[in-house]
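Here's the structure we're looking at; comments come further down.
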Amino acid sequence: SGGGLPGLPLKIMVPRLKVTLVEADGRKAAFLTQACARLGLPGVQVVGRRAEDAAHDAGLREAFDVAVARALAPMPVLAELCLPFVRVGGRLLAQKTRDEDVNAAGRAIKLLGGGPLRVEPAPSRARSAGVVVVVEKVAPTPEAYPRRAGVPSRRPL
């Protein structure tokens, strides 16, 4: 979640949303919790754990309609970190600065339960130019994924 982007702006723009922010850094997680309290944002849960670990928690695994992610990693890594959180029938929305690694992610996305993907231009009001990769979740993610902390980045699918 870093500084809460894009989760907190989405919550502010659409107050009825229930938002869960996953942040591995304890100080950042504490900041996000405090920021939500000061902003009076109910319905925000901050999970202070790595995505690789949190995605194996029964209360979080395949529990969300949508996962939203910034361009924080190549698409195969991002898919492994995010798709386990998305319920079948839900979507992963991944902001990317460019779509060059999207085609290389097809095998990983399929393995993780993702279906067809499409690349949409980022909204014109977005701060940086780029695209949003939309991945439909069509099947459960195998229990083996995500792999333990650090492995998805070191050995992408």
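Chain labels A, B, ... are given in the sequence in which chains occur in the structure tokens; within each chain residues are numbered consecutively from 1, and ligands are likewise numbered from 1 in the order shown.
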
* Can you list, as a PyMOL selection string, all residues belonging to chain A that DSSP tags as strand (DSSP E or B)? => chain A and resi 19-22+44-47+64-69+86-96+114-121+131-137

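For Ser153 in chain A, the non-local neighbours within 12 Å, defined as residues at least 6 positions apart in the same chain or in other chains and counting only C-alpha atoms, are A:Glu52, A:Leu72, A:Ala73, A:Pro74, A:Met75, A:Pro76, A:Val77, A:Leu78, A:Ala79, A:Glu80, A:Leu81, A:Pro146, A:Arg147.
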
Could you turn the residues from that selection into a file that holds N, CA and C atoms, as a PDB file, in the first residue's frame?
ATOM      1  N   GLU A  52       2.549 -12.054   0.388  1.00  0.00           N
ATOM      2  CA  GLU A  52       2.800 -13.490   0.246  1.00  0.00           C
ATOM      3  C   GLU A  52       2.264 -14.275   1.441  1.00  0.00           C
ATOM      4  N   LEU A  72       4.088  -1.689  -9.177  1.00  0.00           N
ATOM      5  CA  LEU A  72       5.158  -1.944  -8.218  1.00  0.00           C
ATOM      6  C   LEU A  72       6.059  -3.102  -8.595  1.00  0.00           C
ATOM      7  N   ALA A  73       5.689  -3.875  -9.588  1.00  0.00           N
ATOM      8  CA  ALA A  73       6.479  -5.038  -9.986  1.00  0.00           C
ATOM      9  C   ALA A  73       6.076  -5.446 -11.398  1.00  0.00           C
ATOM     10  N   PRO A  74       6.894  -6.283 -12.041  1.00  0.00           N
ATOM     11  CA  PRO A  74       6.480  -6.823 -13.344  1.00  0.00           C
ATOM     12  C   PRO A  74       5.153  -7.572 -13.203  1.00  0.00           C
ATOM     13  N   MET A  75       4.396  -7.623 -14.262  1.00  0.00           N
ATOM     14  CA  MET A  75       3.046  -8.186 -14.224  1.00  0.00           C
ATOM     15  C   MET A  75       2.974  -9.618 -13.690  1.00  0.00           C
ATOM     16  N   PRO A  76       3.893 -10.529 -14.026  1.00  0.00           N
ATOM     17  CA  PRO A  76       3.791 -11.874 -13.442  1.00  0.00           C
ATOM     18  C   PRO A  76       3.909 -11.864 -11.913  1.00  0.00           C
ATOM     19  N   VAL A  77       4.767 -11.009 -11.377  1.00  0.00           N
ATOM     20  CA  VAL A  77       4.939 -10.894  -9.924  1.00  0.00           C
ATOM     21  C   VAL A  77       3.693 -10.271  -9.308  1.00  0.00           C
ATOM     22  N   LEU A  78       3.217  -9.206  -9.912  1.00  0.00           N
ATOM     23  CA  LEU A  78       2.013  -8.532  -9.420  1.00  0.00           C
ATOM     24  C   LEU A  78       0.823  -9.482  -9.405  1.00  0.00           C
ATOM     25  N   ALA A  79       0.687 -10.288 -10.439  1.00  0.00           N
ATOM     26  CA  ALA A  79      -0.413 -11.260 -10.494  1.00  0.00           C
ATOM     27  C   ALA A  79      -0.297 -12.273  -9.362  1.00  0.00           C
ATOM     28  N   GLU A  80       0.915 -12.753  -9.091  1.00  0.00           N
ATOM     29  CA  GLU A  80       1.083 -13.736  -8.015  1.00  0.00           C
ATOM     30  C   GLU A  80       0.790 -13.135  -6.648  1.00  0.00           C
ATOM     31  N   LEU A  81       1.104 -11.864  -6.458  1.00  0.00           N
ATOM     32  CA  LEU A  81       0.853 -11.214  -5.175  1.00  0.00           C
ATOM     33  C   LEU A  81      -0.608 -10.823  -4.986  1.00  0.00           C
ATOM     34  N   PRO A 146       0.397 -17.442  -3.269  1.00  0.00           N
ATOM     35  CA  PRO A 146       1.739 -17.068  -3.663  1.00  0.00           C
ATOM     36  C   PRO A 146       2.792 -17.876  -2.908  1.00  0.00           C
ATOM     37  N   ARG A 147       3.944 -17.971  -3.540  1.00  0.00           N
ATOM     38  CA  ARG A 147       5.056 -18.665  -2.902  1.00  0.00           C
ATOM     39  C   ARG A 147       5.586 -17.814  -1.754  1.00  0.00           C
TER      40      ARG A 147
END

* **Shortest interatomic distance to Arg27 in chain A - which of A:Val46, A:Leu112, A:Ala54, A:Val68, counting only C-alpha atoms** => A:Val46

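Comparing A:Lys137, A:Arg91, A:Arg107, A:His56 by their smallest distance to Ala149 in chain A, the closest is A:His56 (using only C-alpha atoms).
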
* **Of the listed residues A:Glu143, A:Glu23, A:Glu120, A:Glu136, that which approaches Leu5 in chain A most closely, counting only C-alpha atoms** => A:Glu23

* Name all residues at most 12 Å from Ala29 in chain A (count only C-alpha atoms; drop same-chain ones fewer than 5 positions away) and give them as JSON, numbers by chain. => {"A": [1, 2, 3, 4, 20, 21, 22, 23, 24, 34, 35, 36, 44, 45, 46, 47, 48, 49, 50]}

* Enumerate the residues of chain A with a DSSP assignment of alpha helix (DSSP H), computed from the backbone, and present them as a VMD selection string. => chain A and resid 7 to 13 26 to 39 51 to 54 75 to 82 106 to 111 151 to 154

Next, the residues of the selection above should be written as a JSON list (two decimals), in the first residue's frame with C-alpha atoms.
[["chain", "number", "residue", "atom", "x", "y", "z"],
["A", 7, "GLY", "CA", -6.73, 2.54, -1.89],
["A", 8, "LEU", "CA", -7.30, 5.66, 0.21],
["A", 9, "PRO", "CA", -8.17, 8.00, -2.69],
["A", 10, "LEU", "CA", -10.65, 5.37, -3.92],
["A", 11, "LYS", "CA", -12.20, 5.19, -0.44],
["A", 12, "ILE", "CA", -12.47, 8.99, -0.26],
["A", 13, "MET", "CA", -14.07, 9.15, -3.72],
["A", 26, "GLY", "CA", 5.11, -1.89, 10.20],
["A", 27, "ARG", "CA", 5.71, 1.87, 10.32],
["A", 28, "LYS", "CA", 3.78, 2.44, 7.10],
["A", 29, "ALA", "CA", 0.95, 0.20, 8.32],
["A", 30, "ALA", "CA", 0.77, 2.20, 11.58],
["A", 31, "PHE", "CA", 0.74, 5.45, 9.58],
["A", 32, "LEU", "CA", -2.10, 4.19, 7.38],
["A", 33, "THR", "CA", -4.14, 3.16, 10.42],
["A", 34, "GLN", "CA", -3.57, 6.56, 12.03],
["A", 35, "ALA", "CA", -4.32, 8.44, 8.79],
["A", 36, "CYS", "CA", -7.63, 6.60, 8.36],
["A", 37, "ALA", "CA", -8.61, 7.45, 11.94],
["A", 38, "ARG", "CA", -7.70, 11.13, 11.52],
["A", 39, "LEU", "CA", -9.52, 11.34, 8.19],
["A", 51, "ALA", "CA", 1.13, -10.09, 0.63],
["A", 52, "GLU", "CA", 2.80, -13.49, 0.25],
["A", 53, "ASP", "CA", 1.81, -14.34, 3.84],
["A", 54, "ALA", "CA", -1.52, -12.52, 4.09],
["A", 75, "MET", "CA", 3.05, -8.19, -14.22],
["A", 76, "PRO", "CA", 3.79, -11.87, -13.44],
["A", 77, "VAL", "CA", 4.94, -10.89, -9.92],
["A", 78, "LEU", "CA", 2.01, -8.53, -9.42],
["A", 79, "ALA", "CA", -0.41, -11.26, -10.49],
["A", 80, "GLU", "CA", 1.08, -13.74, -8.02],
["A", 81, "LEU", "CA", 0.85, -11.21, -5.18],
["A", 82, "CYS", "CA", -2.68, -10.00, -5.96],
["A", 106, "GLY", "CA", -0.28, -14.68, -19.70],
["A", 107, "ARG", "CA", 1.07, -18.03, -18.47],
["A", 108, "ALA", "CA", 1.37, -16.82, -14.87],
["A", 109, "ILE", "CA", -2.10, -15.28, -14.90],
["A", 110, "LYS", "CA", -3.65, -18.50, -16.19],
["A", 111, "LEU", "CA", -1.79, -20.60, -13.59],
["A", 151, "VAL", "CA", 10.32, -15.85, -4.16],
["A", 152, "PRO", "CA", 7.85, -14.28, -6.63],
["A", 153, "SER", "CA", 10.28, -11.41, -7.26],
["A", 154, "ARG", "CA", 13.38, -13.59, -7.46]]

* Nearest to Thr97 in chain A, chosen from A:Leu117, A:Ala67, A:Val131, A:Ala55, with only C-alpha atoms counted in the distances ->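 Looking at the shortest contact to Thr97 in chain A, the residue is A:Val131.
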
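Among the candidates A:Arg70, A:Arg16, A:Arg155, A:Arg87, the residue lying nearest to Thr141 in chain A is A:Arg87 (atoms considered: only C-alpha atoms).
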